[in-house]
$ cat entry_14.csv   # CSV, C-alpha atoms
chain,number,residue,atom,x,y,z
A,1,MET,CA,0.0,0.0,0.0
A,2,PRO,CA,1.2,3.6,-0.4
A,3,GLU,CA,3.6,4.8,2.1
A,4,ASN,CA,1.3,7.5,3.4
A,5,SER,CA,-1.8,5.3,3.6
A,6,ALA,CA,-1.5,4.5,7.3
A,7,ASN,CA,-1.5,7.1,10.0
A,8,THR,CA,-0.4,4.7,12.7
A,9,PRO,CA,3.0,3.2,11.8
A,10,TYR,CA,4.7,0.3,13.5
A,11,THR,CA,1.7,-1.0,15.3
A,12,GLU,CA,-0.2,-4.3,15.3
A,13,SER,CA,-3.3,-4.2,13.2
A,14,THR,CA,-6.3,-6.4,14.0
A,15,ASN,CA,-7.3,-6.6,10.4
A,16,ALA,CA,-5.3,-7.5,7.3
A,17,PRO,CA,-5.3,-4.9,4.5
A,18,GLY,CA,-8.5,-4.9,2.5
A,19,SER,CA,-10.3,-7.3,4.8
A,20,GLU,CA,-13.5,-7.0,6.8
A,21,PRO,CA,-13.3,-6.1,10.4
A,22,ALA,CA,-12.1,-9.0,12.5
A,23,SER,CA,-14.6,-10.9,14.7
A,24,PRO,CA,-13.7,-12.1,18.2
A,25,THR,CA,-13.2,-15.7,17.1
A,26,ASP,CA,-10.5,-18.3,17.6
A,27,THR,CA,-7.0,-16.9,17.0
A,28,SER,CA,-5.2,-20.0,18.4
A,29,ALA,CA,-2.3,-21.7,16.6
A,30,LEU,CA,-4.5,-24.8,16.3
A,31,ALA,CA,-7.2,-22.8,14.5
A,32,VAL,CA,-4.6,-21.5,12.0
A,33,LEU,CA,-3.3,-25.0,11.3
A,34,ARG,CA,-6.8,-26.3,10.8
A,35,ALA,CA,-7.5,-23.8,8.0
A,36,PRO,CA,-7.2,-25.4,4.5
A,37,GLN,CA,-3.7,-25.6,3.1
A,38,THR,CA,-2.1,-23.6,5.9
A,39,ALA,CA,-0.4,-26.6,7.6
A,40,ARG,CA,0.9,-27.7,4.2
A,41,VAL,CA,2.5,-24.4,3.1
A,42,LEU,CA,4.0,-23.9,6.6
A,43,ALA,CA,5.5,-27.4,6.7
A,44,ALA,CA,6.7,-27.2,3.1
A,45,SER,CA,8.4,-23.9,3.6
A,46,LEU,CA,10.1,-25.2,6.7
A,47,LEU,CA,11.3,-28.2,4.9
A,48,GLY,CA,12.7,-26.1,2.1
A,49,ARG,CA,14.4,-23.8,4.6
A,50,ILE,CA,16.3,-26.5,6.3
A,51,PRO,CA,19.4,-25.4,4.3
A,52,LEU,CA,19.4,-22.1,6.3
A,53,GLY,CA,20.4,-24.2,9.3
A,54,ALA,CA,22.3,-27.0,7.4
A,55,ALA,CA,24.3,-25.2,4.7
A,56,PRO,CA,26.7,-23.1,6.9
A,57,LEU,CA,27.8,-26.1,8.9
A,58,ALA,CA,27.9,-28.3,5.7
A,59,LEU,CA,30.2,-25.7,4.0
A,60,LEU,CA,32.5,-25.6,7.0
A,61,ILE,CA,32.8,-29.3,7.3
A,62,PHE,CA,33.4,-29.8,3.6
A,63,ALA,CA,35.9,-27.0,3.4
A,64,ARG,CA,37.9,-28.1,6.5
A,65,GLU,CA,38.8,-31.4,4.7
A,66,THR,CA,41.2,-29.6,2.4
A,67,MET,CA,41.2,-25.9,3.2
A,68,THR,CA,42.0,-23.5,6.0
A,69,LEU,CA,39.5,-22.2,8.5
A,70,THR,CA,39.8,-18.8,6.9
A,71,VAL,CA,38.7,-20.2,3.5
A,72,ALA,CA,35.9,-22.2,5.2
A,73,GLY,CA,34.6,-19.0,6.7
A,74,LEU,CA,34.9,-17.4,3.3
A,75,LEU,CA,32.6,-20.0,1.8
A,76,VAL,CA,30.0,-19.5,4.5
A,77,GLY,CA,30.3,-15.7,4.0
A,78,ALA,CA,29.8,-16.2,0.2
A,79,TYR,CA,26.7,-18.3,0.8
A,80,THR,CA,25.2,-15.7,3.2
A,81,ALA,CA,26.0,-12.8,0.9
A,82,GLY,CA,24.4,-14.6,-2.0
A,83,MET,CA,21.2,-15.1,0.0
A,84,ALA,CA,21.3,-11.4,1.1
A,85,VAL,CA,21.3,-10.3,-2.6
A,86,GLY,CA,19.2,-13.1,-4.1
A,87,GLN,CA,16.2,-13.2,-1.8
A,88,PRO,CA,14.9,-9.6,-2.5
A,89,MET,CA,15.5,-10.0,-6.2
A,90,LEU,CA,13.7,-13.3,-6.4
A,91,ALA,CA,10.8,-12.0,-4.4
A,92,ARG,CA,10.6,-8.9,-6.7
A,93,VAL,CA,10.1,-11.3,-9.7
A,94,ALA,CA,7.5,-13.3,-7.7
A,95,ASP,CA,5.7,-10.0,-6.9
A,96,ARG,CA,5.5,-9.2,-10.6
A,97,TRP,CA,4.8,-12.7,-11.9
A,98,ARG,CA,3.9,-15.9,-10.1
A,99,GLN,CA,5.6,-17.9,-7.3
A,100,PRO,CA,6.0,-21.4,-8.7
A,101,PRO,CA,8.2,-20.6,-11.7
A,102,VAL,CA,10.4,-18.4,-9.5
A,103,LEU,CA,10.7,-21.1,-6.8
A,104,TRP,CA,11.6,-23.9,-9.3
A,105,LEU,CA,14.1,-21.8,-11.2
A,106,ALA,CA,15.7,-20.6,-7.9
A,107,MET,CA,15.9,-24.2,-6.6
A,108,VAL,CA,17.7,-25.4,-9.8
A,109,VAL,CA,20.2,-22.5,-9.6
A,110,SER,CA,20.9,-23.2,-5.9
A,111,THR,CA,21.3,-27.0,-6.6
A,112,VAL,CA,23.8,-26.2,-9.3
A,113,GLY,CA,25.7,-24.1,-6.8
A,114,PHE,CA,25.8,-26.8,-4.2
A,115,ALA,CA,27.0,-29.4,-6.8
A,116,LEU,CA,29.7,-27.1,-8.2
A,117,THR,CA,30.8,-26.4,-4.6
A,118,ALA,CA,31.1,-30.1,-3.9
A,119,ALA,CA,33.1,-30.6,-7.2
A,120,HIS,CA,35.8,-28.2,-5.8
A,121,VAL,CA,37.3,-27.2,-9.2
A,122,ASN,CA,39.5,-24.5,-7.7
A,123,LEU,CA,39.1,-21.9,-4.9
A,124,PRO,CA,37.6,-19.0,-7.0
A,125,VAL,CA,35.1,-21.3,-8.6
A,126,THR,CA,34.2,-22.9,-5.3
A,127,VAL,CA,33.6,-19.5,-3.7
A,128,PHE,CA,31.5,-18.4,-6.6
A,129,ALA,CA,29.5,-21.7,-6.4
A,130,ALA,CA,28.8,-21.1,-2.7
A,131,ALA,CA,27.5,-17.6,-3.5
A,132,LEU,CA,25.4,-19.1,-6.3
A,133,ALA,CA,23.9,-21.7,-3.9
A,134,GLY,CA,22.9,-18.8,-1.6
A,135,ALA,CA,21.7,-16.5,-4.3
A,136,GLY,CA,19.4,-19.2,-5.7
A,137,ALA,CA,17.9,-20.2,-2.4
A,138,PRO,CA,14.1,-20.1,-3.0
A,139,PRO,CA,12.4,-17.2,-1.2
A,140,PHE,CA,10.2,-19.3,1.0
A,141,GLU,CA,9.8,-16.8,3.8
A,142,SER,CA,8.5,-14.0,1.6
A,143,CYS,CA,6.3,-16.3,-0.5
A,144,LEU,CA,4.7,-17.8,2.5
A,145,ARG,CA,4.0,-14.6,4.3
A,146,VAL,CA,2.1,-13.0,1.4
A,147,LEU,CA,-0.1,-16.1,1.3
A,148,TRP,CA,-1.5,-15.7,4.8
A,149,ARG,CA,-4.0,-13.0,3.9
A,150,ASP,CA,-5.4,-15.3,1.2
A,151,LEU,CA,-5.6,-18.4,3.3
A,152,LEU,CA,-6.8,-17.0,6.6
A,153,PRO,CA,-9.4,-14.5,8.0
A,154,ALA,CA,-8.0,-11.2,9.1
A,155,HIS,CA,-8.0,-11.9,12.8
A,156,GLN,CA,-5.7,-15.0,12.4
A,157,VAL,CA,-3.0,-13.4,10.2
A,158,GLN,CA,-0.9,-12.2,13.1
A,159,THR,CA,-1.1,-15.6,14.7
A,160,ALA,CA,0.2,-17.1,11.5
A,161,TYR,CA,3.1,-14.7,11.4
A,162,THR,CA,4.0,-15.6,15.0
A,163,LEU,CA,3.6,-19.3,14.5
A,164,ASP,CA,5.9,-19.2,11.5
A,165,ILE,CA,8.5,-17.3,13.4
A,166,ALA,CA,8.3,-19.6,16.4
A,167,VAL,CA,8.5,-22.9,14.5
A,168,GLN,CA,11.3,-21.5,12.3
A,169,GLU,CA,13.6,-22.1,15.3
A,170,ALA,CA,13.3,-25.8,14.4
A,171,ILE,CA,15.3,-25.0,11.2
A,172,PHE,CA,18.4,-24.1,13.3
A,173,ILE,CA,17.9,-27.2,15.5
A,174,LEU,CA,17.3,-29.7,12.7
A,175,GLY,CA,19.7,-28.2,10.2
A,176,PRO,CA,22.9,-29.1,12.0
A,177,VAL,CA,21.5,-32.5,12.8
A,178,VAL,CA,20.7,-33.2,9.2
A,179,THR,CA,24.2,-32.1,8.1
A,180,LEU,CA,26.0,-34.3,10.7
A,181,ALA,CA,23.9,-37.3,9.8
A,182,ALA,CA,24.5,-36.8,6.1
A,183,VAL,CA,28.3,-36.3,6.6
A,184,GLY,CA,28.4,-39.5,8.7
A,185,LEU,CA,26.6,-41.5,6.0
A,186,VAL,CA,28.2,-40.0,2.8
A,187,GLY,CA,31.3,-38.1,3.8
A,188,PRO,CA,32.2,-34.4,3.8
A,189,SER,CA,30.1,-33.6,0.7
A,190,GLY,CA,27.1,-35.3,2.2
A,191,GLY,CA,26.0,-32.1,4.0
A,192,LEU,CA,25.9,-30.2,0.8
A,193,ALA,CA,23.9,-32.9,-0.9
A,194,ALA,CA,21.4,-33.1,2.0
A,195,ALA,CA,20.9,-29.3,1.9
A,196,ALA,CA,20.1,-29.4,-1.8
A,197,LEU,CA,17.8,-32.4,-1.4
A,198,PHE,CA,15.7,-30.8,1.4
A,199,GLN,CA,15.5,-27.6,-0.6
A,200,ALA,CA,14.2,-29.5,-3.7
A,201,ALA,CA,11.7,-31.5,-1.6
A,202,GLY,CA,10.4,-28.3,0.0
A,203,THR,CA,10.1,-26.6,-3.3
A,204,ALA,CA,8.2,-29.4,-4.9
A,205,TRP,CA,5.8,-29.6,-1.9
A,206,PHE,CA,5.3,-25.9,-1.6
A,207,ALA,CA,5.1,-24.9,-5.3
A,208,THR,CA,2.4,-27.5,-6.1
A,209,THR,CA,0.0,-26.3,-3.4
A,210,GLY,CA,-3.2,-24.8,-4.9
A,211,ALA,CA,-2.9,-21.5,-3.0
A,212,VAL,CA,0.6,-21.0,-4.3
A,213,ARG,CA,-0.3,-21.8,-7.9
A,214,ARG,CA,-3.3,-19.4,-7.7
A,215,TRP,CA,-1.5,-16.5,-6.1
A,216,ARG,CA,-0.8,-13.4,-8.2
A,217,GLY,CA,1.0,-10.2,-7.3
A,218,GLU,CA,-1.0,-7.0,-7.1
A,219,PRO,CA,-0.9,-4.8,-10.3
A,220,ALA,CA,0.8,-1.6,-9.4
A,221,VAL,CA,3.0,1.2,-10.8
A,222,ARG,CA,6.5,-0.1,-10.6
A,223,HIS,CA,9.6,1.8,-9.3
A,224,TRP,CA,13.2,0.8,-9.6
A,225,ALA,CA,13.6,1.0,-5.8
A,226,GLY,CA,10.7,-1.3,-5.2
A,227,PRO,CA,9.5,-1.2,-1.6
A,228,LEU,CA,12.6,0.6,-0.4
A,229,ARG,CA,11.1,3.9,-1.7
A,230,ALA,CA,8.9,3.9,1.4
A,231,ALA,CA,10.6,5.8,4.2
A,232,ARG,CA,8.8,4.0,7.0
A,233,LEU,CA,9.8,0.6,5.5
A,234,ARG,CA,13.4,1.7,5.5
A,235,LEU,CA,13.2,2.6,9.2
A,236,ILE,CA,11.7,-0.8,10.0
A,237,LEU,CA,14.5,-2.5,8.0
A,238,GLY,CA,17.0,-0.4,10.0
A,239,THR,CA,15.4,-1.6,13.2
A,240,LEU,CA,15.8,-5.2,12.0
A,241,VAL,CA,19.5,-4.6,11.2
A,242,LEU,CA,20.1,-3.5,14.8
A,243,VAL,CA,18.0,-6.4,16.2
A,244,GLY,CA,19.9,-8.8,14.0
A,245,ALA,CA,23.2,-7.3,15.2
A,246,GLY,CA,22.1,-8.1,18.8
A,247,VAL,CA,21.2,-11.7,18.0
A,248,GLY,CA,24.4,-12.3,16.0
A,249,SER,CA,26.6,-10.7,18.7
A,250,VAL,CA,25.3,-13.1,21.3
A,251,THR,CA,26.2,-16.1,19.2
A,252,VAL,CA,29.8,-15.0,19.5
A,253,ALA,CA,29.5,-14.0,23.1
A,254,ALA,CA,28.0,-17.4,24.0
A,255,THR,CA,31.0,-19.1,22.4
A,256,ALA,CA,33.5,-16.9,24.3
A,257,TYR,CA,31.6,-17.5,27.5
A,258,ALA,CA,31.6,-21.3,27.0
A,259,GLU,CA,35.4,-21.3,26.4
A,260,ALA,CA,36.0,-19.2,29.5
A,261,SER,CA,33.9,-21.6,31.5
A,262,GLY,CA,36.2,-24.4,30.4
A,263,ALA,CA,33.8,-26.3,28.1
A,264,ARG,CA,33.1,-25.3,24.5
A,265,SER,CA,30.1,-27.6,24.3
A,266,TRP,CA,28.2,-25.2,26.5
A,267,ALA,CA,28.0,-22.8,23.5
A,268,GLY,CA,25.6,-25.2,21.7
A,269,TRP,CA,23.5,-25.7,24.8
A,270,LEU,CA,23.3,-21.9,25.4
A,271,LEU,CA,22.1,-21.2,21.9
A,272,ALA,CA,19.7,-24.1,22.1
A,273,ALA,CA,18.3,-22.6,25.3
A,274,GLN,CA,17.8,-19.3,23.5
A,275,ALA,CA,16.0,-21.0,20.6
A,276,THR,CA,13.8,-22.8,23.1
A,277,GLY,CA,13.0,-19.5,24.7
A,278,ALA,CA,12.1,-18.0,21.3
A,279,LEU,CA,9.8,-20.9,20.6
A,280,ALA,CA,8.1,-20.4,24.0
A,281,GLY,CA,7.8,-16.7,23.5
A,282,GLY,CA,6.1,-17.2,20.1
A,283,LEU,CA,3.6,-19.7,21.6
A,284,LEU,CA,2.8,-17.4,24.5
A,285,TYR,CA,2.3,-14.5,22.2
A,286,VAL,CA,-0.2,-16.6,20.2
A,287,ARG,CA,-1.9,-17.7,23.4
A,288,PHE,CA,-2.5,-14.3,25.1
A,289,THR,CA,-4.3,-11.9,22.9
A,290,GLY,CA,-3.8,-9.0,25.4
A,291,LEU,CA,-0.1,-9.0,24.5
A,292,ARG,CA,-1.0,-8.5,20.8
A,293,ARG,CA,-3.4,-5.7,21.6
A,294,HIS,CA,-0.8,-3.6,23.3
A,295,ALA,CA,2.2,-4.5,21.2
A,296,THR,CA,4.0,-1.8,19.2
A,297,LEU,CA,7.4,-2.0,17.5
A,298,PRO,CA,9.1,0.5,19.9
A,299,ARG,CA,7.7,-1.4,22.9
A,300,ALA,CA,8.6,-4.8,21.5
A,301,THR,CA,12.1,-3.7,20.8
A,302,ALA,CA,12.5,-2.2,24.2
A,303,VAL,CA,11.4,-5.4,25.9
A,304,PHE,CA,13.8,-7.3,23.6
A,305,ALA,CA,16.6,-5.1,24.8
A,306,ALA,CA,15.7,-5.6,28.4
A,307,GLY,CA,15.7,-9.4,28.0
A,308,TYR,CA,19.4,-9.3,27.1
A,309,VAL,CA,20.5,-7.1,30.0
A,310,PRO,CA,20.6,-10.0,32.6
A,311,LEU,CA,23.2,-11.8,30.4
A,312,LEU,CA,25.7,-9.2,31.6
A,313,LEU,CA,25.8,-11.0,34.9
A,314,THR,CA,27.4,-14.0,33.2
A,315,PRO,CA,26.6,-16.4,36.1
A,316,ALA,CA,27.5,-20.1,36.3
A,317,PRO,CA,26.5,-22.1,33.2
A,318,PRO,CA,23.2,-23.6,34.6
A,319,ALA,CA,21.9,-20.1,35.5
A,320,MET,CA,23.2,-18.8,32.2
A,321,LEU,CA,21.0,-21.3,30.4
A,322,VAL,CA,18.0,-19.8,32.1
A,323,LEU,CA,19.0,-16.3,31.2
A,324,MET,CA,19.6,-17.3,27.6
A,325,ALA,CA,16.1,-18.8,27.4
A,326,VAL,CA,14.7,-15.5,28.8
A,327,SER,CA,16.6,-13.5,26.2
A,328,GLY,CA,14.9,-15.4,23.4
A,329,LEU,CA,11.3,-14.8,24.6
A,330,ALA,CA,10.8,-11.4,23.0
A,331,LEU,CA,12.1,-12.1,19.5
A,332,PRO,CA,9.0,-13.7,17.9
A,333,PRO,CA,6.7,-11.0,19.2
A,334,LEU,CA,9.1,-8.3,17.9
A,335,LEU,CA,9.3,-9.9,14.5
A,336,THR,CA,5.6,-10.4,14.3
A,337,VAL,CA,4.9,-6.7,15.0
A,338,ALA,CA,7.6,-5.8,12.4
A,339,PHE,CA,6.0,-8.1,9.7
A,340,VAL,CA,2.5,-6.6,10.4
A,341,ALA,CA,4.0,-3.1,10.0
A,342,ILE,CA,5.8,-4.1,6.8
A,343,ASP,CA,2.6,-5.5,5.4
A,344,ARG,CA,0.9,-2.2,6.1
A,345,VAL,CA,3.5,0.3,4.8
A,346,ALA,CA,5.0,-1.6,1.8
A,347,PRO,CA,3.8,0.0,-1.5
A,348,VAL,CA,1.2,-2.0,-3.4
A,349,GLY,CA,2.6,-4.9,-5.4
A,350,THR,CA,5.9,-5.1,-3.4
A,351,VAL,CA,4.9,-7.0,-0.2
A,352,ALA,CA,6.8,-10.2,-1.1
A,353,GLU,CA,10.0,-8.2,-1.8
A,354,ALA,CA,9.5,-6.2,1.3
A,355,PHE,CA,9.4,-9.4,3.4
A,356,ALA,CA,12.6,-10.6,1.6
A,357,TRP,CA,14.3,-7.3,2.5
A,358,ALA,CA,13.4,-7.9,6.1
A,359,ALA,CA,15.1,-11.2,6.1
A,360,THR,CA,18.1,-9.7,4.4
A,361,ALA,CA,18.3,-6.8,6.9
A,362,PHE,CA,18.2,-9.3,9.8
A,363,SER,CA,20.9,-11.5,8.3
A,364,VAL,CA,23.2,-8.5,7.4
A,365,GLY,CA,22.8,-7.2,11.0
A,366,SER,CA,23.5,-10.6,12.4
A,367,ALA,CA,26.7,-11.0,10.4
A,368,GLY,CA,27.8,-7.5,11.3
A,369,GLY,CA,27.0,-8.0,15.0
A,370,ALA,CA,29.0,-11.2,15.1
A,371,ALA,CA,32.0,-9.6,13.4
A,372,VAL,CA,32.0,-6.5,15.6
A,373,ASN,CA,31.6,-8.5,18.7
A,374,GLY,CA,34.4,-10.8,17.8
A,375,ALA,CA,36.7,-7.8,17.5
A,376,LEU,CA,35.4,-6.4,20.8
A,377,LEU,CA,36.1,-9.6,22.6
A,378,ASP,CA,39.6,-10.0,21.1
A,379,THR,CA,40.4,-6.4,22.1
A,380,SER,CA,39.0,-6.5,25.6
A,381,GLY,CA,39.5,-10.1,26.6
A,382,ARG,CA,36.5,-9.8,28.9
A,383,VAL,CA,33.6,-12.1,28.4
A,384,THR,CA,31.1,-9.6,29.9
A,385,VAL,CA,31.9,-7.2,27.1
A,386,GLY,CA,30.5,-9.6,24.6
A,387,PHE,CA,27.0,-9.3,26.0
A,388,VAL,CA,26.9,-5.4,25.8
A,389,LEU,CA,26.2,-5.0,22.1
A,390,ALA,CA,22.9,-6.8,22.1
A,391,PRO,CA,20.9,-4.6,24.6
A,392,VAL,CA,22.6,-1.4,23.3
A,393,ALA,CA,21.7,-2.1,19.7
A,394,ALA,CA,18.1,-3.0,20.5
A,395,ALA,CA,17.7,0.1,22.8
A,396,LEU,CA,19.1,2.3,20.0
A,397,ALA,CA,16.5,0.8,17.6
A,398,SER,CA,13.7,1.5,20.1
A,399,GLY,CA,14.9,5.0,20.6
A,400,LEU,CA,15.1,5.7,16.9
A,401,LEU,CA,11.5,4.4,16.4
A,402,LEU,CA,10.2,6.6,19.2
A,403,LEU,CA,12.0,9.6,17.9
A,404,ARG,CA,10.7,9.1,14.3
A,405,GLY,CA,7.2,8.6,15.6
A,406,ARG,CA,7.1,11.8,17.5
A,407,ARG,CA,8.6,13.7,14.5
A,408,GLY,CA,6.3,12.0,12.0
A,409,GLY,CA,2.9,12.6,13.6
A,410,GLY,CA,3.3,13.7,17.2
A,411,THR,CA,1.8,10.5,18.5
A,412,GLU,CA,3.3,7.4,20.0
A,413,PHE,CA,3.0,4.0,18.4
A,414,THR,CA,-0.2,3.0,20.1
A,415,SER,CA,-2.5,0.2,18.8
A,416,SER,CA,-5.5,2.5,18.9
A,417,GLY,CA,-3.8,5.0,16.6

$ encode --input "entry_14.csv" --output "C-alpha cells"
Amino acid sequence: MPENSANTPYTESTNAPGSEPASPTDTSALAVLRAPQTARVLAASLLGRIPLGAAPLALLIFARETMTLTVAGLLVGAYTAGMAVGQPMLARVADRWRQPPVLWLAMVVSTVGFALTAAHVNLPVTVFAAALAGAGAPPFESCLRVLWRDLLPAHQVQTAYTLDIAVQEAIFILGPVVTLAAVGLVGPSGGLAAAALFQAAGTAWFATTGAVRRWRGEPAVRHWAGPLRAARLRLILGTLVLVGAGVGSVTVAATAYAEASGARSWAGWLLAAQATGALAGGLLYVRFTGLRRHATLPRATAVFAAGYVPLLLTPAPPAMLVLMAVSGLALPPLLTVAFVAIDRVAPVGTVAEAFAWAATAFSVGSAGGAAVNGALLDTSGRVTVGFVLAPVAAALASGLLLLRGRRGGGTEFTSSG
C-alpha cells in the first residue's frame, strides 16, 4: 500500500489490509493450522528452509577437509552474501509474476551451486559456487507470508506470522543434525547434498500447493527501488538490522563464555536454550491476545533489549541457560509486529519483496554484529563485554523508532492509533 496510507505506523493491526473487520473468534495456533492448506504451506516452507540451518555447517565441514578455517569462513560468507542479494531480487520477480516458476528456477540454480561447490574445481570457482547456492535459495519466507492474507481470516493473520517465526527455530535445530547425519553417511560432501535435497523437496511440496499456484502479485505502478522507496519501511529495516546485530553478537559472546567456562560444548546448549525461549515466546504471544493488543514496535524492541541485560551478569552455566532462554522470549513478538508493520507500509505490489528485504536486513545485521563483537572480545579479553552490544543495539533501535514517531505525527506508536 502507499507509504502514506497508514497514520499509525509500526503498530499491530487487528485486520489484514483490504479485509472485513475481525470478529472475536478463535485466534489460536490450532485454529490457524486447521485452515485449508495452511499446515501444508507452513510445513513445506520449513522443509525447504532446512538449508538455512544446514548449509553453513555443511560448508564448514566440507571446506575443512582440504582448506584452512579462513577459507571455510569465506565459503559461509559467500553463501550468506548470495542469499542477502538473491532473496529480494527473487521476491521482486515473484511479486510481478507468479511464485511457482520463481521457486523452481531458484531451486535449480541453488542446486547447481551446491553441486559445483562439492566438485571443488578450484578456490575461485568454489567461492562463486557457494555464493550461487545462496543467491538461488528459493524465497520461501516472503512467498509464505504474502499467502496468509489469502488463506486466513484477518484476525488469524498475526497468529500465522508468530507461528511461522516460532517454529522457524526448528530449522536451526534440525539443520545441523541433518548435516552431521549426512556427513556421517556419505562423507564431507554429504551435508551439501542433503541441503540441496531438502531444498528441492520443500520446493516441490510448496510450489504444487493450490494456493501457491493461484496467487498473483497485485498490479501496481513499478519503481526501480521497489518497496525501499517507502521511508517507513526503510526505518523498519534499519530496526531489523540492529536487532539482528544483537542476536548475532550473542552467538559469538556465548561461544566466548563457554570457552571461558572451560567447556566449548556449553555454547551449543546456550544457543539451544535461547532458541527454546524464542519458541516459548512465540507460543505465549499466540496464546495471550492481550499481548498483541498492546504491542508496538518500539515497545517490543525495548522489551527485547531488556531481555538481554541480565546476560551481563554472566553467572554459572546452569543459571546462564535460564538467562539465555529468557533473552529469546521477545524475539518472535518483535518480528511479528515488524511483519505486520511491513505488510501495512509496503507499497502496493511489493509486499513479497519487502518481506525478503526484512530477512536480508536481519541477516546482514546478524553477520555484522558477530563480526563487531568478535573484534570487541579480542580487544578487551573480557567475556562480559561480549554481551553489551545486544541490549545497546536494541535500545538504540527502540529510541530511533520513538523519535521518528514523534517527529512524524506527534503520536506514539499505540495500537489505537

$ residues_around --input "entry_14.csv" --residues "Leu323 (chain A)" --least-positions-apart "2" --cutoff "10 Å" --atoms "only C-alpha atoms" --output "list in words"
Leu270, Ala273, Gln274, Gly277, Gly307, Tyr308, Val309, Pro310, Leu311, Leu312, Leu313, Thr314, Pro315, Pro317, Pro318, Ala319, Met320, Leu321, Ala325, Val326, Ser327 and Gly328 of chain A

$ residues_around --input "entry_14.csv" --residues "Val286 (chain A)" --least-positions-apart "5" --cutoff "12 Å" --atoms "all atoms listed in the file" --output "VMD selection string"
chain A and resid 26 to 32 155 to 166 279 to 281 291 to 293 332 to 333 336

$ residues_around --input "entry_14.csv" --residues "Leu90 (chain A)" --least-positions-apart "4" --cutoff "10 Å" --atoms "all atoms listed in the file" --output "NGL selection string"
:A and (85-86 or 94-95 or 99 or 102-103 or 105-106 or 135-139 or 142-143 or 352-353 or 356)

$ residues_around --input "entry_14.csv" --residues "Asp343 (chain A)" --least-positions-apart "2" --cutoff "10 Å" --atoms "all atoms listed in the file" --output "NGL selection string"
:A and (1 or 13 or 16-17 or 145-146 or 233 or 337-341 or 345-348 or 350-352 or 354-355)

$ closest_atom_pairs --input "entry_14.csv" --of "region 70-139 of chain A" --to "region 45-58 of chain A" --cutoff "12 Å" --atoms "only C-alpha atoms" --output "JSON lines"
{"residue": "A:Ala72", "atom": "CA", "partner": "A:Pro56", "partner_atom": "CA", "distance": 9.4}
{"residue": "A:Gly73", "atom": "CA", "partner": "A:Pro56", "partner_atom": "CA", "distance": 8.9}
{"residue": "A:Leu74", "atom": "CA", "partner": "A:Pro56", "partner_atom": "CA", "distance": 10.6}
{"residue": "A:Leu75", "atom": "CA", "partner": "A:Pro56", "partner_atom": "CA", "distance": 8.4}
{"residue": "A:Val76", "atom": "CA", "partner": "A:Pro56", "partner_atom": "CA", "distance": 5.4}
{"residue": "A:Gly77", "atom": "CA", "partner": "A:Pro56", "partner_atom": "CA", "distance": 8.7}
{"residue": "A:Ala78", "atom": "CA", "partner": "A:Pro56", "partner_atom": "CA", "distance": 10.1}
{"residue": "A:Tyr79", "atom": "CA", "partner": "A:Pro56", "partner_atom": "CA", "distance": 7.8}
{"residue": "A:Thr80", "atom": "CA", "partner": "A:Pro56", "partner_atom": "CA", "distance": 8.4}
{"residue": "A:Ala81", "atom": "CA", "partner": "A:Pro56", "partner_atom": "CA", "distance": 11.9}
{"residue": "A:Met83", "atom": "CA", "partner": "A:Leu52", "partner_atom": "CA", "distance": 9.6}
{"residue": "A:Leu103", "atom": "CA", "partner": "A:Gly48", "partner_atom": "CA", "distance": 10.4}
{"residue": "A:Trp104", "atom": "CA", "partner": "A:Gly48", "partner_atom": "CA", "distance": 11.7}
{"residue": "A:Ala106", "atom": "CA", "partner": "A:Gly48", "partner_atom": "CA", "distance": 11.8}
{"residue": "A:Met107", "atom": "CA", "partner": "A:Gly48", "partner_atom": "CA", "distance": 9.5}
{"residue": "A:Ser110", "atom": "CA", "partner": "A:Pro51", "partner_atom": "CA", "distance": 10.5}
{"residue": "A:Thr111", "atom": "CA", "partner": "A:Pro51", "partner_atom": "CA", "distance": 11.2}
{"residue": "A:Gly113", "atom": "CA", "partner": "A:Ala55", "partner_atom": "CA", "distance": 11.6}
{"residue": "A:Phe114", "atom": "CA", "partner": "A:Ala55", "partner_atom": "CA", "distance": 9.2}
{"residue": "A:Thr117", "atom": "CA", "partner": "A:Ala58", "partner_atom": "CA", "distance": 10.9}
{"residue": "A:Ala118", "atom": "CA", "partner": "A:Ala58", "partner_atom": "CA", "distance": 10.3}
{"residue": "A:Ala130", "atom": "CA", "partner": "A:Ala55", "partner_atom": "CA", "distance": 9.6}
{"residue": "A:Ala131", "atom": "CA", "partner": "A:Ala55", "partner_atom": "CA", "distance": 11.6}
{"residue": "A:Ala133", "atom": "CA", "partner": "A:Ala55", "partner_atom": "CA", "distance": 9.3}
{"residue": "A:Gly134", "atom": "CA", "partner": "A:Ala55", "partner_atom": "CA", "distance": 9.1}
{"residue": "A:Gly136", "atom": "CA", "partner": "A:Pro51", "partner_atom": "CA", "distance": 11.8}
{"residue": "A:Ala137", "atom": "CA", "partner": "A:Pro51", "partner_atom": "CA", "distance": 8.6}
{"residue": "A:Pro138", "atom": "CA", "partner": "A:Gly48", "partner_atom": "CA", "distance": 8.0}
{"residue": "A:Pro139", "atom": "CA", "partner": "A:Arg49", "partner_atom": "CA", "distance": 9.0}

$ atom_distance --input "entry_14.csv" --atom1 "CA of Val127 (chain A)" --atom2 "CA of Ala63 (chain A)"
10.6 Å

$ atom_distance --input "entry_14.csv" --atom1 "CA of Val322 (chain A)" --atom2 "CA of Ser261 (chain A)"
16.0 Å

$ atom_distance --input "entry_14.csv" --atom1 "CA of Ser398 (chain A)" --atom2 "CA of Gly381 (chain A)"
29.0 Å

$ residues_around --input "entry_14.csv" --residues "region 208-218 of chain A" --least-positions-apart "5" --cutoff "8 Å" --atoms "only C-alpha atoms" --output "list in words"
Gln37, Arg40, Val41, Ala94, Asp95, Arg96, Trp97, Arg98, Gln99, Pro100, Leu147, Asp150, Leu151, Val348 and Gly349 of chain A

$ closest_residue --input "entry_14.csv" --among "A:Ala397, A:Ala330, A:Ala305, A:Ala201" --to "Val108 (chain A)" --atoms "all atoms listed in the file"
A:Ala201

$ residues_near_point --input "entry_14.csv" --point "(19.2, -27.8, 19.5)" --cutoff "12 Å" --atoms "all atoms listed in the file" --output "ChimeraX atom specification"
/A:53,169-178,265-277,279
